[in-house]
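Taking it in order: structure first as structure tokens, then the write-up.
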Number of protein chains: 2
Amino acid sequence: MKKLINRPEDVVKEALQGIAAAHGDLVRVSLEPQYIVRGDAPVTGKVGVLSGGGSGHEPMHGGFVGPGMLDAACPGAVFTSPTPDQILAATQAVNGGAGVLHIVKNYTGDVMNFDMAAELAGYEGIEVKAMVIDDDVAVKDSLYTAGRRGVGLTVLAEKMTGAAAEERRSLEEVAEVCRKVNGWGRSMGMALTSCTVPQAGKPTFDLPEDEMEIGIGIHGEPGRTRMKLKTSAEITAILANAVLDDLPFERGDEVLAFVNGMGGTPLIELYGVYHELAKILAGRGIKIARNLVGSYITSLEMAGCSITLLKLDEELIRLWDAPVKTPALRWGI
Amino acid sequence: MKKLINRPEDVVKEALQGIAAAHGDLVRVSLEPQYIVRGDAPVTGKVGVLSGGGSGHEPMHGGFVGPGMLDAACPGAVFTSPTPDQILAATQAVNGGAGVLHIVKNYTGDVMNFDMAAELAGYEGIEVKAMVIDDDVAVKDSLYTAGRRGVGLTVLAEKMTGAAAEERRSLEEVAEVCRKVNGWGRSMGMALTSCTVPQAGKPTFDLPEDEMEIGIGIHGEPGRTRMKLKTSAEITAILANAVLDDLPFERGDEVLAFVNGMGGTPLIELYGVYHELAKILAGRGIKIARNLVGSYITSLEMAGCSITLLKLDEELIRLWDAPVKTPALRWGI
């Protein structure tokens with residue numbers, strides 16, 4: 001295992017200490033229990049927007065904490081759900097009196113632990129709503145999931161709900177934005193290589209030198225199928241068509257097109273994939289109104305990519321364009 | 001070779017087409033010859049700031065084109081210098097009448113081709129100054145270099161000279177900012193794995209599973225030494241101490257600390273390295289006034305990192321903080 005780490009069990013803690021050192025002007029970091037919170041939290045009268053999940057997907061979620069996006073993020077161990085006490089502590093830290101929205105990727109452990117934390121917060125008089133993201137069209141159920149998995153759309157949901165909360169909309173209204181994003185967005189990913197969880201010390205799965213996995217999950221869990229390597233044009237078509245046909249996206253739709261790297265794929269390849277995607281969408285009469293290209297929801301050093309498409313209307317465009325200032329996404333401030 | 005590409009010879013062109021499709025609001029892309037230029041270039045009365053070099057280091061340089069940073073970038077083939085005609089065409093495209101600054105990483109081919117382009121531009125009455133970046137303390141001369149190599153400091157030089165040009169300072173003044181940054185900054189990198197140039201089809205070098213290369217170049221060219229894998233604390237100390245002792249940086253200095261990923265190293269590890277670096281600098285009485293953590297000058301999918309330190313004064317802090325709007329670095333706009 002080749003990694004820039006000290007002891008495998010300290011990877012998450014030391015990354016959090018690094019985030020605290022690098023972004024202390026923007027966020028505060030709690031190490032016991034572990035969470036990252038906006039420096040000015042709680043913001044009185046504003047809905048708190050909180051997410052979390054296993055570590056190893058950086059910059060998601062901790063890199064999205066700041067004005068205009070998340071109020072807090074709870075990192076679990078690598079590829080492991082955060083605990084209810086972590087989520088409760090972060091919920092308390094962002095409670096400005098207007099309620100707290102939990103954005104939860106659809107994995108059984110995450111849903112269960114966020115649910116328990118919401119119940120505990122309720123006992124303390126904090127109103128919590130949880131919205132589950134389940135955008136991955138690859139598989140119906142999976143190793144860690146009942147129903148579809150939550151993947152790339154989570155980044156877009158966090159940005160847009162964060163902007164809605166910044167407008168001082170009510171908890172129900174902010175939740176409604178999240179519901180709309182989840183209803184209008186779909187994703188699918190693929191991997192060229194496995195990744196290695198530090199505490200496991202060996203690759204999560206084996207993938208022969210001439211094969212790839214289509215529909216991979218963000219923890220390396222199995223997808224739809226393995227096949228021989230194909231060109232980026234062919235791979236992009238497989239992913240894009242599965243996503244397009246699922247909603248379905250239709251001629252005349254405006255979308256946000258998000259090409260995401262899994263961690264080990266260079267940007268030069270992601271722009272190549274985006275070029276193919278733009279051609280496919282143009283061919284279907286779908287207009288790309290906004291886009292995002294880069295590694296925002298990763299699987300450690302896995303090589304591969306995912307495609308997320310989100311149908312847009314005026315409201316979602318306004319929420320996407322709204323100012324944001326976080327370690328990983330920033331504009332307008 | 002596992003890559004998201006079509007034909008190896010089309011990788012750069014297709015990435016440029018992806019950049020054009022994704023960032024058409026910000027930049028224009030010329031495919032023949034290949035360069036990326038600010039959408040509003042040339043800006044009358046402003047010094048044009050231009051850089052370039054081999055592809056495979058994305059987001060550098062093309063991701064840094066936009067207001068507040070580069071006016072244009074010339075991508076060569078992967079790990080290959082851009083040609084004089086490319087550089088000349090881009091120089092013409094950004095010539096707003098106040099002269100053009102060429103920021104050149106110190107590699108023999110780059111220096112020669114930028115030099116030839118400057119001479120050709122001179123024949124057309126365009127005043128060009130070239131500043132060479134040579135911040136890598138690892139080796140004195142190298143496979144592709146007489147003298148030290150230009151590496152991570154280039155990103156900081158492009159940001160700060162771009163900001164100086166935006167202030168409508170003269171060509172001599174903008175060049176002076178670049179000279180100051182190059183004088184006050186130092187870098188060193190290391191690799192855990194090789195990368196694979198698409199047209200070569202096999203790894204640039206072999207590195208045993210239990211070894212790393214200290215002082216690696218950004219094209220995989222040899223560094224100082226190979227050694228057994230160490231912890232991130234030990235690796236960070238090796239890199240940081242070499243950088244600190246070279247300038248030397250001294251107690252009381254304020255610095256910009258830049259932890260850069262080589263492409264295949266996850267952000268969670270880079271923040272761990274930053275944590276170690278912050279401890280080392282605190283121990284030496286050096287204050288981190290600004291920082292940058294992420295993969296900004298890469299070597300395709302190589303795993304590894306580099307550390308760049310730049311001594312700051314009020315002028316450089318102001319130029320770093322100035323608004324910037326590019327695909328890869330953005331704030332304040």
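Chains: A, B, ... in order of the structure tokens. Residues: from 1 per chain. Ligands: from 1, in order shown.
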
Contacts of chain B with chain A up to 7 Å, shortest pair per row, only C-alpha atoms, as a Markdown table:
```
| residue | atom | partner | partner_atom | distance |
| --- | --- | --- | --- | --- |
| B:Lys2 | CA | A:Leu192 | CA | 6.2 |
| B:Leu4 | CA | A:Ser232 | CA | 4.9 |
| B:Ile5 | CA | A:Ser232 | CA | 4.7 |
| B:Asn6 | CA | A:Thr231 | CA | 4.8 |
| B:Glu14 | CA | A:Gly272 | CA | 5.1 |
| B:Ala15 | CA | A:Gly272 | CA | 4.5 |
| B:Gln17 | CA | A:His275 | CA | 5.9 |
| B:Gly18 | CA | A:His275 | CA | 4.1 |
| B:Ile19 | CA | A:Tyr271 | CA | 6.2 |
| B:Ala21 | CA | A:His275 | CA | 6.7 |
| B:Ala22 | CA | A:Asn291 | CA | 6.4 |
| B:Gly56 | CA | A:Ile268 | CA | 6.8 |
| B:Glu58 | CA | A:Leu267 | CA | 6.0 |
| B:Pro59 | CA | A:Leu267 | CA | 6.8 |
| B:Leu192 | CA | A:Lys2 | CA | 6.3 |
| B:Thr231 | CA | A:Asn6 | CA | 4.8 |
| B:Ser232 | CA | A:Ile5 | CA | 4.7 |
| B:Ala233 | CA | A:Asn6 | CA | 6.7 |
| B:Gly263 | CA | A:Pro266 | CA | 6.0 |
| B:Gly264 | CA | A:Gly264 | CA | 4.4 |
| B:Thr265 | CA | A:Glu301 | CA | 6.2 |
| B:Pro266 | CA | A:Leu300 | CA | 5.4 |
| B:Leu267 | CA | A:Glu58 | CA | 6.0 |
| B:Ile268 | CA | A:Ala15 | CA | 5.6 |
| B:Glu269 | CA | A:Leu4 | CA | 5.7 |
| B:Tyr271 | CA | A:Gly18 | CA | 4.7 |
| B:Gly272 | CA | A:Ala15 | CA | 4.4 |
| B:Tyr274 | CA | A:Gly18 | CA | 5.4 |
| B:His275 | CA | A:Gly18 | CA | 4.1 |
| B:Asn291 | CA | A:Ala22 | CA | 6.4 |
| B:Leu300 | CA | A:Pro266 | CA | 5.4 |
| B:Glu301 | CA | A:Pro266 | CA | 5.6 |
| B:Arg330 | CA | A:Trp331 | CA | 6.2 |
| B:Trp331 | CA | A:Trp331 | CA | 5.6 |
| B:Gly332 | CA | A:Ile333 | CA | 4.6 |
| B:Ile333 | CA | A:Gly332 | CA | 4.6 |
```

Same residues, C-alpha atoms, saved as a short mmCIF file (atom, residue, chain, number, x, y, z; two decimals), in the first residue's frame:
```cif
data_model
loop_
_atom_site.label_atom_id
_atom_site.label_comp_id
_atom_site.auth_asym_id
_atom_site.auth_seq_id
_atom_site.Cartn_x
_atom_site.Cartn_y
_atom_site.Cartn_z
CA LYS B 2 -5.93 2.30 -18.28
CA LEU B 4 -10.31 7.50 -20.23
CA ILE B 5 -9.17 8.44 -23.72
CA ASN B 6 -9.81 7.80 -27.38
CA GLU B 14 -10.04 16.63 -27.01
CA ALA B 15 -9.29 18.06 -23.58
CA GLN B 17 -12.45 20.91 -26.83
CA GLY B 18 -13.82 19.95 -23.41
CA ILE B 19 -12.43 23.15 -21.90
CA ALA B 21 -17.36 23.45 -24.10
CA ALA B 22 -17.21 23.83 -20.31
CA GLY B 56 -0.25 16.49 -18.49
CA GLU B 58 -3.53 20.11 -15.54
CA PRO B 59 -5.03 22.34 -14.31
CA LEU B 192 4.97 7.04 -4.77
CA THR B 231 5.44 7.97 7.04
CA SER B 232 3.86 11.23 5.91
CA ALA B 233 5.50 12.94 8.90
CA GLY B 263 -2.50 13.84 -9.64
CA GLY B 264 -3.15 10.42 -8.14
CA THR B 265 -2.95 11.32 -4.46
CA PRO B 266 -6.28 11.85 -2.69
CA LEU B 267 -7.05 15.13 -0.97
CA ILE B 268 -7.40 13.34 2.40
CA GLU B 269 -3.65 12.58 2.21
CA TYR B 271 -4.44 17.56 4.16
CA GLY B 272 -2.49 15.10 6.31
CA TYR B 274 -0.40 19.98 5.32
CA HIS B 275 -0.96 19.14 9.00
CA ASN B 291 -2.03 28.51 1.88
CA LEU B 300 -0.96 12.90 -15.02
CA GLU B 301 -2.01 10.19 -12.50
CA ARG B 330 -11.45 31.48 -8.31
CA TRP B 331 -12.28 33.90 -5.58
CA GLY B 332 -13.64 37.39 -5.09
CA ILE B 333 -15.58 37.35 -8.39
#
```

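DSSP secondary structure from the backbone places B:Gly185, B:Arg186, B:Ser187, B:Met188, B:Gly189, B:Met190, B:Ala191, B:Thr196, B:Pro203, B:Glu211, B:Met212, B:Glu213, B:Ile214, B:Thr225, B:Arg226, B:Met227, B:Lys228, B:Glu254, B:Val255, B:Leu256, B:Ala257, B:Phe258, B:Val259, B:Asn260, B:Gly261 of segment 164-262 of chain B in strand (DSSP E or B).
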
Residues near segment 127-142 of chain A, anyone? I mean within 6 Å using only C-alpha atoms, not counting same-chain ones fewer than 3 positions away, as a CSV table (one decimal) with N, CA and C atoms, in the first residue's frame.
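Output file result_23.csv follows:
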```
chain,number,residue,atom,x,y,z
A,99,GLY,N,-34.3,25.3,12.6
A,99,GLY,CA,-34.4,23.9,12.2
A,99,GLY,C,-33.1,23.5,11.4
A,100,VAL,N,-32.9,22.2,11.3
A,100,VAL,CA,-31.7,21.7,10.6
A,100,VAL,C,-32.1,20.6,9.6
A,101,LEU,N,-31.5,20.8,8.4
A,101,LEU,CA,-31.7,19.8,7.3
A,101,LEU,C,-30.6,18.8,7.3
A,102,HIS,N,-30.8,17.5,7.3
A,102,HIS,CA,-29.8,16.5,7.1
A,102,HIS,C,-29.9,16.0,5.7
A,103,ILE,N,-28.8,16.1,5.0
A,103,ILE,CA,-28.7,15.6,3.6
A,103,ILE,C,-27.9,14.2,3.7
A,104,VAL,N,-28.6,13.2,3.4
A,104,VAL,CA,-28.1,11.8,3.7
A,104,VAL,C,-28.0,11.0,2.4
A,105,LYS,N,-26.8,10.5,2.1
A,105,LYS,CA,-26.7,9.6,0.9
A,105,LYS,C,-27.3,8.3,1.3
A,106,ASN,N,-28.0,7.7,0.3
A,106,ASN,CA,-28.7,6.5,0.6
A,106,ASN,C,-27.8,5.2,0.8
A,118,ALA,N,-31.4,12.4,14.4
A,118,ALA,CA,-32.6,13.3,14.3
A,118,ALA,C,-33.5,13.1,15.5
A,122,GLY,N,-34.5,15.8,18.3
A,122,GLY,CA,-35.9,16.1,18.6
A,122,GLY,C,-36.1,16.2,20.0
A,145,THR,N,-26.9,-0.9,0.4
A,145,THR,CA,-28.0,0.0,0.1
A,145,THR,C,-29.3,-0.8,-0.1
A,146,ALA,N,-30.4,-0.4,0.4
A,146,ALA,CA,-31.7,-0.8,-0.1
A,146,ALA,C,-32.2,0.4,-1.0
A,147,GLY,N,-32.4,0.1,-2.2
A,147,GLY,CA,-32.8,1.1,-3.2
A,147,GLY,C,-31.5,1.6,-3.8
A,148,ARG,N,-31.6,2.7,-4.5
A,148,ARG,CA,-30.5,3.3,-5.2
A,148,ARG,C,-29.5,4.0,-4.3
A,149,ARG,N,-28.2,4.0,-4.7
A,149,ARG,CA,-27.2,4.7,-3.9
A,149,ARG,C,-27.2,6.2,-4.2
A,150,GLY,N,-26.7,6.9,-3.2
A,150,GLY,CA,-26.5,8.4,-3.3
A,150,GLY,C,-25.1,8.7,-3.8
A,182,ASN,N,-33.2,16.0,-6.0
A,182,ASN,CA,-33.1,14.6,-6.0
A,182,ASN,C,-34.1,14.0,-7.1
A,186,ARG,N,-29.8,12.5,-11.9
A,186,ARG,CA,-29.4,11.1,-12.0
A,186,ARG,C,-27.9,11.0,-12.3
A,187,SER,N,-27.3,9.9,-11.9
A,187,SER,CA,-25.9,9.7,-12.0
A,187,SER,C,-25.5,8.3,-12.4
A,188,MET,N,-24.4,8.1,-13.0
A,188,MET,CA,-23.8,6.8,-13.0
A,188,MET,C,-22.2,6.9,-13.2
A,215,GLY,N,-20.9,1.2,-13.6
A,215,GLY,CA,-21.9,1.3,-12.6
A,215,GLY,C,-21.3,1.1,-11.2
```

Practice task
Quick one: everything within 6 Å of segment 32-47 of chain A, counting only C-alpha atoms, minus sequence neighbours fewer than 5 positions away in the same chain. Send it as a ChimeraX atom specification.
Solution key: /A:26-27,66,71-74,86,94-100,165,168,171

Problem - Non-local contacts of Ile216 of chain B (6 Å; only C-alpha atoms; under 5 positions in same chain excluded) as a list in words - result: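 My list of contacting residues is Gly189, Met190, Pro222 and Gly223 of chain B.
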
Got time to write the residues from that selection, N, CA, C and O atoms, as a short mmCIF file (atom, residue, chain, number, x, y, z; two decimals), in the first residue's frame?
```
data_model
loop_
_atom_site.label_atom_id
_atom_site.label_comp_id
_atom_site.auth_asym_id
_atom_site.auth_seq_id
_atom_site.Cartn_x
_atom_site.Cartn_y
_atom_site.Cartn_z
N GLY B 189 9.46 17.93 -4.58
CA GLY B 189 8.39 16.94 -4.69
C GLY B 189 8.88 15.53 -4.51
O GLY B 189 10.09 15.27 -4.42
N MET B 190 7.92 14.61 -4.46
CA MET B 190 8.25 13.19 -4.34
C MET B 190 7.13 12.37 -5.00
O MET B 190 6.02 12.86 -5.17
N PRO B 222 14.29 11.65 -12.90
CA PRO B 222 14.86 11.27 -11.61
C PRO B 222 15.08 12.45 -10.67
O PRO B 222 15.32 13.58 -11.11
N GLY B 223 15.01 12.15 -9.37
CA GLY B 223 15.21 13.18 -8.37
C GLY B 223 16.52 12.98 -7.63
O GLY B 223 17.54 12.69 -8.25
#
```
